[in-house]
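> So here's model22.tsv, just TSV, C-alpha atoms:
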```
chain	number	residue	atom	x	y	z
K	10	MET	CA	5.57	-92.42	74.52
K	11	LEU	CA	2.22	-92.37	76.26
K	12	LEU	CA	2.02	-93.68	79.82
K	13	SER	CA	-0.32	-96.54	80.57
K	14	ASN	CA	-2.49	-96.36	83.68
K	15	ARG	CA	0.02	-98.61	85.41
K	16	GLU	CA	2.88	-96.26	84.53
K	17	MET	CA	0.84	-93.25	85.61
K	18	HIS	CA	0.42	-94.85	89.04
K	19	GLN	CA	4.16	-95.44	89.21
K	20	ALA	CA	4.85	-91.82	88.23
K	21	LEU	CA	2.44	-90.66	90.96
K	22	ASP	CA	4.18	-92.86	93.53
K	23	GLU	CA	7.58	-91.52	92.48
K	24	GLY	CA	6.48	-87.88	92.45
K	25	ARG	CA	7.22	-87.44	88.74
K	26	LEU	CA	3.53	-86.71	88.27
K	27	LYS	CA	1.36	-85.02	90.87
K	28	ILE	CA	-2.41	-84.80	90.69
K	29	THR	CA	-4.09	-83.17	93.68
K	30	PRO	CA	-6.50	-84.46	94.83
K	31	GLU	CA	-5.39	-87.77	93.42
K	32	PRO	CA	-8.04	-89.48	91.27
K	33	LEU	CA	-9.23	-92.56	93.12
K	34	PRO	CA	-9.71	-95.46	93.20
K	35	ARG	CA	-6.79	-96.52	91.06
K	36	THR	CA	-8.67	-99.67	90.13
K	37	ALA	CA	-12.39	-100.36	90.21
K	38	GLN	CA	-13.64	-101.33	93.67
K	39	GLY	CA	-16.87	-103.25	93.48
K	40	SER	CA	-19.45	-100.89	92.02
K	41	GLN	CA	-17.08	-97.92	92.31
K	42	LYS	CA	-15.55	-97.19	88.93
K	43	SER	CA	-11.97	-96.10	88.53
K	44	PRO	CA	-11.25	-92.76	86.82
K	45	TYR	CA	-8.38	-94.46	84.99
K	46	ASP	CA	-8.72	-96.01	81.57
K	47	SER	CA	-5.96	-97.79	79.67
K	48	HIS	CA	-3.77	-94.68	79.34
K	49	THR	CA	-5.95	-91.83	80.53
K	50	VAL	CA	-7.32	-90.49	83.77
K	51	ASN	CA	-10.49	-88.45	84.07
K	52	LEU	CA	-10.36	-84.87	85.29
K	53	LEU	CA	-13.20	-83.13	87.09
K	54	LEU	CA	-14.81	-79.75	86.58
K	55	HIS	CA	-14.01	-77.10	89.20
K	56	ASP	CA	-16.49	-74.50	90.39
K	57	SER	CA	-15.08	-71.36	88.77
K	58	ILE	CA	-16.30	-70.30	85.33
K	59	ALA	CA	-15.48	-67.24	83.26
K	60	ILE	CA	-18.01	-66.15	80.67
K	61	PRO	CA	-16.69	-63.85	77.96
K	62	ILE	CA	-19.06	-60.98	77.38
K	63	GLY	CA	-19.98	-60.13	73.83
K	64	GLY	CA	-19.88	-56.50	72.86
K	65	LYS	CA	-18.86	-53.89	70.40
K	66	TYR	CA	-15.17	-54.47	70.70
K	67	VAL	CA	-12.42	-55.96	68.64
K	68	CYS	CA	-9.86	-58.41	69.99
K	69	ASP	CA	-6.39	-57.31	68.95
K	70	PRO	CA	-3.78	-59.95	69.90
K	71	SER	CA	-1.02	-57.51	68.94
K	72	ASP	CA	-2.09	-55.02	71.58
K	73	ALA	CA	1.03	-55.51	73.67
K	74	GLY	CA	0.78	-55.41	77.43
K	75	ASN	CA	-2.99	-55.39	77.58
K	76	GLN	CA	-4.06	-58.93	76.73
K	77	ALA	CA	-4.86	-60.17	80.22
K	78	ASP	CA	-6.50	-56.91	81.21
K	79	PHE	CA	-8.66	-56.99	78.09
K	80	GLN	CA	-9.78	-60.54	78.80
K	81	ARG	CA	-10.71	-60.00	82.44
K	82	ARG	CA	-12.58	-56.80	81.69
K	83	ASN	CA	-14.64	-58.53	79.02
K	84	SER	CA	-15.70	-61.55	81.00
K	85	LYS	CA	-17.96	-62.35	83.89
K	86	GLN	CA	-16.90	-64.67	86.70
K	87	ILE	CA	-19.34	-67.06	88.32
K	88	THR	CA	-19.13	-69.93	90.77
K	89	ILE	CA	-21.21	-73.01	90.29
K	90	THR	CA	-22.33	-75.30	93.09
K	91	GLU	CA	-23.88	-78.73	93.31
K	92	ASP	CA	-27.26	-77.05	93.64
K	93	GLN	CA	-26.57	-74.52	90.91
K	94	PRO	CA	-25.01	-76.11	87.83
K	95	TYR	CA	-24.30	-74.04	84.74
K	96	LEU	CA	-26.41	-74.41	81.63
K	97	LEU	CA	-24.08	-74.13	78.66
K	98	ASP	CA	-26.22	-72.96	75.81
K	99	ARG	CA	-25.65	-73.80	72.18
K	100	ASN	CA	-22.70	-72.02	70.57
K	101	VAL	CA	-21.67	-70.42	73.85
K	102	PHE	CA	-17.99	-70.22	74.77
K	103	ILE	CA	-16.78	-70.18	78.37
K	104	LEU	CA	-13.63	-70.88	80.37
K	105	ALA	CA	-13.42	-73.31	83.26
K	106	THR	CA	-10.74	-75.29	85.08
K	107	THR	CA	-10.01	-78.70	86.44
K	108	ARG	CA	-10.67	-79.39	90.09
K	109	GLU	CA	-7.30	-81.16	90.19
K	110	GLU	CA	-3.97	-79.41	90.30
K	111	ILE	CA	-1.50	-81.07	87.97
K	112	SER	CA	2.23	-80.89	88.48
K	113	LEU	CA	4.83	-82.13	86.02
K	114	PRO	CA	8.13	-81.36	87.75
K	115	ILE	CA	11.31	-81.18	85.72
K	116	PRO	CA	13.95	-83.23	87.55
K	117	ASP	CA	17.41	-81.84	88.27
K	118	VAL	CA	19.00	-85.09	87.15
K	119	GLY	CA	18.08	-87.74	84.63
K	120	ASP	CA	17.21	-87.65	80.97
K	121	ARG	CA	13.42	-87.84	80.99
K	122	CYS	CA	10.48	-85.82	82.22
K	123	LEU	CA	6.76	-85.79	81.69
K	124	GLY	CA	4.45	-83.65	79.61
K	125	ALA	CA	0.72	-84.11	79.12
K	126	ARG	CA	-2.31	-83.35	77.02
K	127	VAL	CA	-5.86	-82.74	78.02
K	128	GLU	CA	-8.55	-84.20	75.81
K	129	GLY	CA	-12.32	-84.41	75.78
K	130	ARG	CA	-14.41	-87.43	76.64
K	131	SER	CA	-16.22	-89.24	73.87
K	132	SER	CA	-19.53	-89.32	75.72
K	133	LEU	CA	-19.56	-85.53	76.04
K	134	ALA	CA	-18.16	-85.04	72.56
K	135	ARG	CA	-21.23	-86.81	71.19
K	136	LEU	CA	-23.33	-84.10	72.81
K	137	GLY	CA	-21.27	-81.51	70.99
K	138	LEU	CA	-19.13	-80.38	73.91
K	139	LEU	CA	-15.58	-79.28	73.17
K	140	VAL	CA	-13.38	-78.89	76.23
K	141	HIS	CA	-10.49	-77.30	74.42
K	142	PHE	CA	-9.57	-76.21	71.00
K	143	THR	CA	-6.02	-75.83	69.78
K	144	ALA	CA	-4.58	-75.67	73.29
K	145	PRO	CA	-4.28	-79.18	74.79
K	146	THR	CA	-0.59	-79.08	75.67
K	147	ILE	CA	0.62	-79.14	79.25
K	148	HIS	CA	4.31	-78.42	79.30
K	149	PRO	CA	6.90	-80.09	81.50
K	150	GLY	CA	7.29	-77.90	84.58
K	151	PHE	CA	3.59	-77.00	84.65
K	152	ASN	CA	2.01	-76.74	88.07
K	153	GLY	CA	-1.63	-75.86	88.64
K	154	ARG	CA	-5.15	-76.26	87.36
K	155	ILE	CA	-5.75	-76.76	83.67
K	156	THR	CA	-7.97	-74.27	81.91
K	157	PHE	CA	-10.68	-75.53	79.58
K	158	GLU	CA	-12.03	-73.63	76.63
K	159	LEU	CA	-15.56	-75.01	76.58
K	160	ILE	CA	-17.99	-74.58	73.75
K	161	ASN	CA	-21.25	-76.30	73.05
K	162	LEU	CA	-21.56	-77.13	69.38
K	163	GLY	CA	-24.39	-79.58	69.96
K	164	PRO	CA	-28.10	-79.28	69.29
K	165	ALA	CA	-29.16	-78.71	72.90
K	166	PRO	CA	-27.98	-76.92	76.06
K	167	ILE	CA	-25.66	-78.99	78.27
K	168	LEU	CA	-25.77	-78.94	82.04
K	169	LEU	CA	-22.33	-78.53	83.58
K	170	ARG	CA	-22.11	-79.79	87.12
K	171	VAL	CA	-19.30	-79.12	89.53
K	172	GLY	CA	-17.21	-82.27	89.96
K	173	MET	CA	-18.37	-83.93	86.75
K	174	ALA	CA	-15.77	-85.92	84.81
K	175	ILE	CA	-15.34	-83.53	81.92
K	176	ALA	CA	-11.96	-84.32	80.37
K	177	GLN	CA	-9.14	-86.81	80.41
K	178	LEU	CA	-5.45	-86.40	80.92
K	179	ILE	CA	-2.93	-88.18	78.74
K	180	VAL	CA	0.58	-88.25	80.15
K	181	GLU	CA	3.59	-88.67	77.91
K	182	GLU	CA	7.28	-89.01	78.41
K	183	VAL	CA	9.51	-86.26	77.11
K	184	ARG	CA	12.93	-87.49	76.12
K	185	GLY	CA	15.65	-85.27	77.46
K	186	ILE	CA	15.36	-82.42	79.90
K	187	PRO	CA	14.13	-79.18	78.32
K	188	PHE	CA	16.26	-76.17	79.06
K	189	TRP	CA	16.03	-72.45	78.57
K	190	THR	CA	19.41	-71.34	77.28
K	191	PRO	CA	19.74	-67.64	77.91
K	192	SER	CA	22.33	-67.28	75.17
K	193	GLN	CA	19.85	-68.38	72.53
K	194	PHE	CA	17.70	-65.36	73.31
K	195	HIS	CA	20.57	-62.93	72.96
K	196	GLY	CA	19.43	-59.35	72.56
K	197	GLN	CA	15.76	-60.13	73.09
K	198	SER	CA	13.43	-59.45	75.95
K	199	ALA	CA	11.90	-62.88	75.45
K	200	PRO	CA	12.85	-66.01	73.55
K	201	GLU	CA	9.77	-65.91	71.38
K	202	GLY	CA	10.26	-62.28	70.57
K	203	VAL	CA	7.74	-59.75	71.70
K	204	ILE	CA	4.59	-58.19	70.35
K	205	ARG	CA	5.38	-54.57	69.76
K	206	LYS	CA	2.91	-51.84	69.02
K	207	LYS	CA	3.30	-50.51	65.52
O	8	MET	CA	16.49	-70.67	91.98
O	9	GLU	CA	13.21	-69.03	92.92
O	10	ASN	CA	12.90	-65.28	93.19
O	11	TRP	CA	10.15	-62.75	93.59
O	12	LEU	CA	9.59	-60.49	90.62
O	13	ALA	CA	8.05	-57.10	91.26
O	14	CYS	CA	4.85	-56.62	89.29
O	15	ARG	CA	1.41	-55.08	89.38
O	16	VAL	CA	-1.51	-57.29	90.35
O	17	GLY	CA	-5.20	-57.14	89.53
O	18	LYS	CA	-8.30	-59.26	89.85
O	19	GLY	CA	-8.16	-62.32	87.57
O	20	GLN	CA	-10.56	-63.61	84.98
O	21	MET	CA	-11.44	-66.66	87.06
O	22	GLY	CA	-11.39	-67.61	90.72
O	23	ALA	CA	-8.07	-68.39	92.46
O	24	GLU	CA	-6.01	-66.38	89.99
O	25	TYR	CA	-4.66	-62.86	89.62
O	26	MET	CA	-3.92	-60.79	86.57
O	27	ILE	CA	-0.23	-59.91	86.49
O	28	GLU	CA	1.35	-57.02	84.66
O	29	GLY	CA	5.12	-57.17	84.51
O	30	GLN	CA	7.92	-55.44	82.67
O	31	THR	CA	11.06	-56.65	80.97
O	32	PHE	CA	14.45	-55.07	81.64
O	33	ASP	CA	13.83	-52.69	78.76
O	34	GLY	CA	10.36	-51.61	79.81
O	35	LEU	CA	8.15	-53.79	77.64
O	36	LYS	CA	4.93	-54.86	79.30
O	37	PHE	CA	3.77	-58.45	79.54
O	38	THR	CA	0.58	-59.80	81.10
O	39	LEU	CA	-0.60	-63.14	82.35
O	40	PHE	CA	-3.00	-64.85	84.69
O	41	ALA	CA	-1.31	-66.64	87.59
O	42	PRO	CA	-2.66	-68.81	90.40
O	43	THR	CA	-2.95	-66.88	93.64
O	44	GLU	CA	-0.42	-69.10	95.39
O	45	PHE	CA	2.36	-67.71	93.18
O	46	VAL	CA	1.55	-64.11	94.03
O	47	GLU	CA	1.84	-61.79	96.99
O	48	VAL	CA	0.02	-58.48	97.10
O	49	SER	CA	0.28	-55.47	99.33
O	50	GLN	CA	-3.51	-55.31	99.45
O	51	ASN	CA	-6.24	-57.24	97.70
O	52	PRO	CA	-7.02	-55.68	94.34
O	53	THR	CA	-10.58	-54.51	93.88
O	54	GLY	CA	-12.40	-53.42	90.75
O	55	TRP	CA	-10.05	-53.06	87.79
O	56	ASP	CA	-7.25	-51.38	89.73
O	57	LEU	CA	-3.78	-52.87	89.81
O	58	VAL	CA	-1.84	-52.91	93.07
O	59	PRO	CA	1.87	-53.44	93.73
O	60	GLY	CA	2.82	-57.07	94.26
O	61	ARG	CA	5.30	-59.77	93.42
O	62	ILE	CA	5.19	-63.07	91.62
O	63	LEU	CA	7.25	-66.17	92.22
O	64	VAL	CA	9.53	-66.91	89.25
O	65	SER	CA	12.43	-69.23	88.50
O	66	ARG	CA	15.73	-67.54	87.75
O	67	LEU	CA	17.33	-69.33	84.82
O	68	GLY	CA	20.51	-67.46	84.13
O	69	GLU	CA	22.30	-64.16	83.83
O	70	GLU	CA	23.38	-62.32	80.72
O	71	ASN	CA	25.03	-58.91	80.62
O	72	GLY	CA	23.76	-58.04	84.07
O	73	TYR	CA	20.18	-59.03	83.31
O	74	PHE	CA	18.37	-62.17	84.36
O	75	TRP	CA	16.35	-64.66	82.35
O	76	ILE	CA	13.39	-65.78	84.39
O	77	ARG	CA	10.61	-68.32	83.84
O	78	LEU	CA	7.11	-67.23	84.75
O	79	PRO	CA	4.73	-69.70	86.43
O	80	ARG	CA	2.28	-69.27	83.57
O	81	GLU	CA	2.70	-68.28	79.97
O	82	SER	CA	2.42	-64.57	79.32
O	83	PHE	CA	0.23	-63.47	76.47
O	84	GLU	CA	2.89	-61.31	74.91
O	85	MET	CA	6.21	-63.11	75.45
O	86	GLY	CA	5.70	-66.72	76.48
O	87	TYR	CA	7.17	-68.22	79.65
O	88	VAL	CA	10.69	-66.80	79.64
O	89	VAL	CA	11.52	-63.10	79.83
O	90	ARG	CA	14.57	-61.03	80.73
O	91	VAL	CA	14.41	-58.64	83.65
O	92	GLY	CA	16.74	-56.37	85.60
O	93	SER	CA	18.34	-57.37	88.89
O	94	SER	CA	16.54	-54.57	90.73
O	95	GLN	CA	13.20	-56.19	89.82
O	96	LEU	CA	14.10	-59.43	91.60
O	97	THR	CA	14.23	-60.27	95.29
O	98	PRO	CA	15.42	-63.55	96.78
O	99	THR	CA	12.50	-65.41	98.33
O	100	THR	CA	14.32	-65.93	101.62
O	101	GLN	CA	14.94	-62.20	102.03
O	102	LEU	CA	11.27	-61.44	101.53
O	103	GLN	CA	10.12	-64.07	103.98
O	104	GLU	CA	12.31	-62.50	106.64
O	105	ALA	CA	11.05	-58.98	105.88
```
Re-express the file's structure as structure tokens.


Amino acid sequence: MLLSNREMHQALDEGRLKITPEPLPRTAQGSQKSPYDSHTVNLLLHDSIAIPIGGKYVCDPSDAGNQADFQRRNSKQITITEDQPYLLDRNVFILATTREEISLPIPDVGDRCLGARVEGRSSLARLGLLVHFTAPTIHPGFNGRITFELINLGPAPILLRVGMAIAQLIVEEVRGIPFWTPSQFHGQSAPEGVIRKK
Amino acid sequence: MENWLACRVGKGQMGAEYMIEGQTFDGLKFTLFAPTEFVEVSQNPTGWDLVPGRILVSRLGEENGYFWIRLPRESFEMGYVVRVGSSQLTPTTQLQEA
């Protein structure tokens, strides 16, 4: 079940959902628009961007134990400012994050918790901007900034400004409390199995 | 229950994060990027070097003397939950006093 804006506010008040800094105002105030729509809330672009560097290398997702190291070594980190936005060229892929930290705590008691999804905004989608692909899920228990996988599939470069409303968060109720039963992983190092080098 | 997990720490891909290299109880490596607030380092990593550090994890349960823990971010190789040895974990309170 998706939460309406009203239910999102209630979840924020009750601490079941935390967004820091909290998007304000909750409702439009005169000429000041609210970041909330019927069941979404806008998220803003933070100042840190990672730009993968092209090169003569091959990405091997089965290269166990080296995935993060590979990614950081093959990307460049920049910080954008209000004076220095980032020009996202056509067909260029970068990583960025939300300014807001999102927290979806799993309660100790009760039979419900919250999960979420991050989605693009239609106005930016019409320019050809994707803010994620295949990875919109924010799991219950998540705490932190959400990473965007940005790519410009449009006909022209797009200027990315720090603090721009770049995505929207959809919050949904998860029935039941997820658990991590150790016994179900019996004999494994990890529940999903591991990538082993051949 | 929160514990510190011993790991090696390097510069992240983006600001406000570190690269983490950890090991399971049986020596398999896993890697992830974690927000800096979940990590303590002996010294700030520079260049591509990894330095000793620890990452805040949730201890989920014990099985045959090993502990299932949940990482604060998903690892590339094994997901969120991995099994580690007791010697790799330190109670958070004990570390704060140290």

> What lies within 9 Å of range 36-43 of chain O using all atoms listed in the file, ignoring chain neighbours under 6 positions off, as a count of residues only?

30

> Can you tell me how far CA of Glu182 in chain K sits from CA of Ala125 in chain K, in Å to one decimal?

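Going from CA of Glu182 in chain K over to CA of Ala125 in chain K covers 8.2 Å.
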
> As an exercise, work out the distance from CA of Ala20 in chain K to CA of Asp120 in chain K in Å and give it to one decimal place.

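Going from CA of Ala20 in chain K over to CA of Asp120 in chain K covers 14.9 Å.
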
> Neighbouring residues of Leu169 in chain K were defined as those with any atom within 10 Å, considering all atoms listed in the file; residues of the same chain fewer than 6 positions away were excluded. Please report them as an NGL selection string.

:K and (54 or 56 or 89 or 91 or 93-97 or 175)

> One decimal, in Å: what's the spacing between CA of Leu12 in chain O and CA of Pro114 in chain K?

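So the two atoms, CA of Leu12 in chain O and CA of Pro114 in chain K, lie 21.1 Å apart.
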
> Kindly indicate which residue among K:Asp22, K:Asp92, K:Glu16, K:Glu110 lies nearest to chain O, using only C-alpha atoms for the distances.

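Among K:Asp22, K:Asp92, K:Glu16, K:Glu110, it is K:Glu110 that comes nearest to chain O.
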
> In terms of the shortest atom-to-atom distance over all atoms listed in the file, which of O:Asn71, O:Pro52, O:Arg15, O:Arg90 is closest to chain K?

O:Arg90

> For Gly92 in chain O, list every protein, DNA or RNA residue within 9 Å, evaluated using only C-alpha atoms, and leave out those in the same chain fewer than 6 positions away; present the list as a PyMOL selection string.

chain O and resi 31-33+72-75

> Please provide the set of residues having any atom within 10 Å of range 8-11 of chain O, restricted to all atoms listed in the file, with same-chain residues fewer than 4 positions apart removed, written as a ChimeraX atom specification.

/O:45-47,60-68,76-77,95-102

> Looking at all atoms listed in the file, which of K:Leu21, K:Ile58, K:Leu136, K:Ile186 is the one that sits closest to Ala165 in chain K?

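Among the listed residues, K:Leu136 lies closest to Ala165 in chain K.
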
> Got a sec: who's within 10 Å of His18 in chain K, counting all atoms listed in the file, leaving out chain neighbours fewer than 6 positions off, as JSON, numbers by chain?

{"K": [12, 24, 26, 35, 45]}

> Which is closest to chain O among K:Lys42, K:Arg99, K:His48, K:His148, if we use only C-alpha atoms?

K:His148
